[in-house]
Amino acid sequence: MLFPNIPTKTMGGNVFWDTIKSRKGWKIQQNIFTQHYRILDQNNVRHAWSSDYDEIEQLFETYTGERYQ
């Protein structure tokens, strides 16, 4: 389930986040403590977050232009 999101500037996840996937400047990151995921853009702004990797990956593909609807 995607959680409600307010686009928020982050520090890019250099400490508590692992980058799982990146493409065209977008990143999927996973928190090393809570295990939830987030999507960051090229400016490290969070656009989505969830505990469900499949949902995050689908949205990531939409943002990066890899998913055609």
# chains A, B, ... in the order shown; residues from 1 in each chain; ligands from 1
>>> residues_around(residues="range 52-55 of chain A", least_positions_apart="4", cutoff="8 Å", atoms="only C-alpha atoms", output="PyMOL selection string")
chain A and resi 1-2+36-37+59
>>> residues_around(residues="range 29-32 of chain A", least_positions_apart="6", cutoff="6 Å", atoms="only C-alpha atoms", output="list in words")
Phe16, Trp17, Asp18, Thr19, Ile20 and Arg38 of chain A
>>> write_last_selection(atoms="N, CA, C and O atoms", output="compact mmCIF listing (two decimals), in the first residue's frame")
# COMPACT_ATOMS: atom_id res chain seq x y z
N PHE A 16 20.96 6.22 6.28
CA PHE A 16 20.04 5.16 6.70
C PHE A 16 19.32 4.47 5.55
O PHE A 16 18.36 3.73 5.78
N TRP A 17 19.77 4.68 4.32
CA TRP A 17 19.08 4.16 3.15
C TRP A 17 20.04 3.43 2.22
O TRP A 17 21.16 3.87 2.01
N ASP A 18 19.56 2.32 1.65
CA ASP A 18 20.27 1.61 0.59
C ASP A 18 19.55 1.91 -0.72
O ASP A 18 18.32 1.83 -0.78
N THR A 19 20.29 2.24 -1.76
CA THR A 19 19.69 2.44 -3.08
C THR A 19 19.53 1.08 -3.72
O THR A 19 20.51 0.36 -3.94
N ILE A 20 18.29 0.72 -4.02
CA ILE A 20 17.96 -0.58 -4.58
C ILE A 20 18.02 -0.54 -6.11
O ILE A 20 18.47 -1.49 -6.74
N ARG A 38 11.19 4.08 -0.65
CA ARG A 38 10.78 5.40 -1.11
C ARG A 38 11.35 5.63 -2.50
O ARG A 38 12.32 4.99 -2.90
>>> residues_around(residues="Asn44 in chain A", least_positions_apart="2", cutoff="6 Å", atoms="only C-alpha atoms", output="number ranges by chain")
A: 9-10, 12, 40-42
>>> write_last_selection(atoms="C-alpha atoms", output="mmCIF file, in the first residue's frame")
data_model
loop_
_atom_site.group_PDB
_atom_site.id
_atom_site.type_symbol
_atom_site.label_atom_id
_atom_site.label_comp_id
_atom_site.auth_asym_id
_atom_site.auth_seq_id
_atom_site.Cartn_x
_atom_site.Cartn_y
_atom_site.Cartn_z
ATOM 1 C CA LYS A 9 13.320 17.387 0.042
ATOM 2 C CA THR A 10 15.601 14.764 1.592
ATOM 3 C CA GLY A 12 19.532 11.723 -0.467
ATOM 4 C CA LEU A 40 13.464 10.034 -4.900
ATOM 5 C CA ASP A 41 13.848 12.231 -7.977
ATOM 6 C CA GLN A 42 17.036 13.823 -9.342
#
>>> atom_distance(atom1="CA of Lys21 in chain A", atom2="CA of Pro4 in chain A")
21.8 Å
>>> atom_distance(atom1="CA of Ile56 in chain A", atom2="CA of Val15 in chain A")
20.8 Å
>>> residues_around(residues="Asn5 in chain A", least_positions_apart="2", cutoff="9 Å", atoms="only C-alpha atoms", output="PyMOL selection string")
chain A and resi 2-3+7-8+46-49
>>> closest_residue(among="A:Val45, A:Arg23, A:Met11, A:Ile28", to="Glu57 in chain A", atoms="only C-alpha atoms")
A:Ile28
>>> select_by_dssp(residues="chain A", states="strand (DSSP E)", output="VMD selection string")
chain A and resid 8 to 9 17 to 23 26 to 31 37 to 40 45 to 50
>>> select_by_dssp(residues="chain A", states="alpha helix (DSSP H)", output="VMD selection string")
chain A and resid 53 to 63
>>> write_last_selection(atoms="N, CA, C and O atoms", output="PDB file, in the first residue's frame")
ATOM      1  N   TYR A  53       7.237  -3.412  -2.069  1.00  0.00           N
ATOM      2  CA  TYR A  53       8.213  -3.154  -3.127  1.00  0.00           C
ATOM      3  C   TYR A  53       7.573  -3.189  -4.519  1.00  0.00           C
ATOM      4  O   TYR A  53       7.917  -2.370  -5.372  1.00  0.00           O
ATOM      5  N   ASP A  54       6.642  -4.108  -4.762  1.00  0.00           N
ATOM      6  CA  ASP A  54       6.031  -4.201  -6.090  1.00  0.00           C
ATOM      7  C   ASP A  54       5.315  -2.912  -6.479  1.00  0.00           C
ATOM      8  O   ASP A  54       5.421  -2.448  -7.614  1.00  0.00           O
ATOM      9  N   GLU A  55       4.598  -2.311  -5.532  1.00  0.00           N
ATOM     10  CA  GLU A  55       3.924  -1.037  -5.817  1.00  0.00           C
ATOM     11  C   GLU A  55       4.933   0.072  -6.098  1.00  0.00           C
ATOM     12  O   GLU A  55       4.753   0.864  -7.027  1.00  0.00           O
ATOM     13  N   ILE A  56       5.988   0.129  -5.302  1.00  0.00           N
ATOM     14  CA  ILE A  56       7.013   1.149  -5.508  1.00  0.00           C
ATOM     15  C   ILE A  56       7.691   0.958  -6.860  1.00  0.00           C
ATOM     16  O   ILE A  56       7.926   1.923  -7.593  1.00  0.00           O
ATOM     17  N   GLU A  57       7.980  -0.279  -7.218  1.00  0.00           N
ATOM     18  CA  GLU A  57       8.653  -0.536  -8.492  1.00  0.00           C
ATOM     19  C   GLU A  57       7.768  -0.148  -9.673  1.00  0.00           C
ATOM     20  O   GLU A  57       8.250   0.438 -10.648  1.00  0.00           O
ATOM     21  N   GLN A  58       6.475  -0.435  -9.616  1.00  0.00           N
ATOM     22  CA  GLN A  58       5.562  -0.037 -10.691  1.00  0.00           C
ATOM     23  C   GLN A  58       5.522   1.475 -10.848  1.00  0.00           C
ATOM     24  O   GLN A  58       5.569   2.000 -11.967  1.00  0.00           O
ATOM     25  N   LEU A  59       5.441   2.184  -9.744  1.00  0.00           N
ATOM     26  CA  LEU A  59       5.416   3.644  -9.798  1.00  0.00           C
ATOM     27  C   LEU A  59       6.744   4.193 -10.305  1.00  0.00           C
ATOM     28  O   LEU A  59       6.781   5.128 -11.104  1.00  0.00           O
ATOM     29  N   PHE A  60       7.830   3.598  -9.868  1.00  0.00           N
ATOM     30  CA  PHE A  60       9.167   3.976 -10.335  1.00  0.00           C
ATOM     31  C   PHE A  60       9.267   3.839 -11.852  1.00  0.00           C
ATOM     32  O   PHE A  60       9.787   4.724 -12.539  1.00  0.00           O
ATOM     33  N   GLU A  61       8.751   2.752 -12.397  1.00  0.00           N
ATOM     34  CA  GLU A  61       8.773   2.544 -13.843  1.00  0.00           C
ATOM     35  C   GLU A  61       7.944   3.596 -14.566  1.00  0.00           C
ATOM     36  O   GLU A  61       8.302   4.035 -15.658  1.00  0.00           O
ATOM     37  N   THR A  62       6.856   4.031 -13.962  1.00  0.00           N
ATOM     38  CA  THR A  62       6.046   5.105 -14.543  1.00  0.00           C
ATOM     39  C   THR A  62       6.826   6.416 -14.544  1.00  0.00           C
ATOM     40  O   THR A  62       6.876   7.127 -15.551  1.00  0.00           O
ATOM     41  N   TYR A  63       7.461   6.749 -13.427  1.00  0.00           N
ATOM     42  CA  TYR A  63       8.242   7.986 -13.324  1.00  0.00           C
ATOM     43  C   TYR A  63       9.420   8.011 -14.299  1.00  0.00           C
ATOM     44  O   TYR A  63       9.768   9.055 -14.825  1.00  0.00           O
TER      45      TYR A  63
END
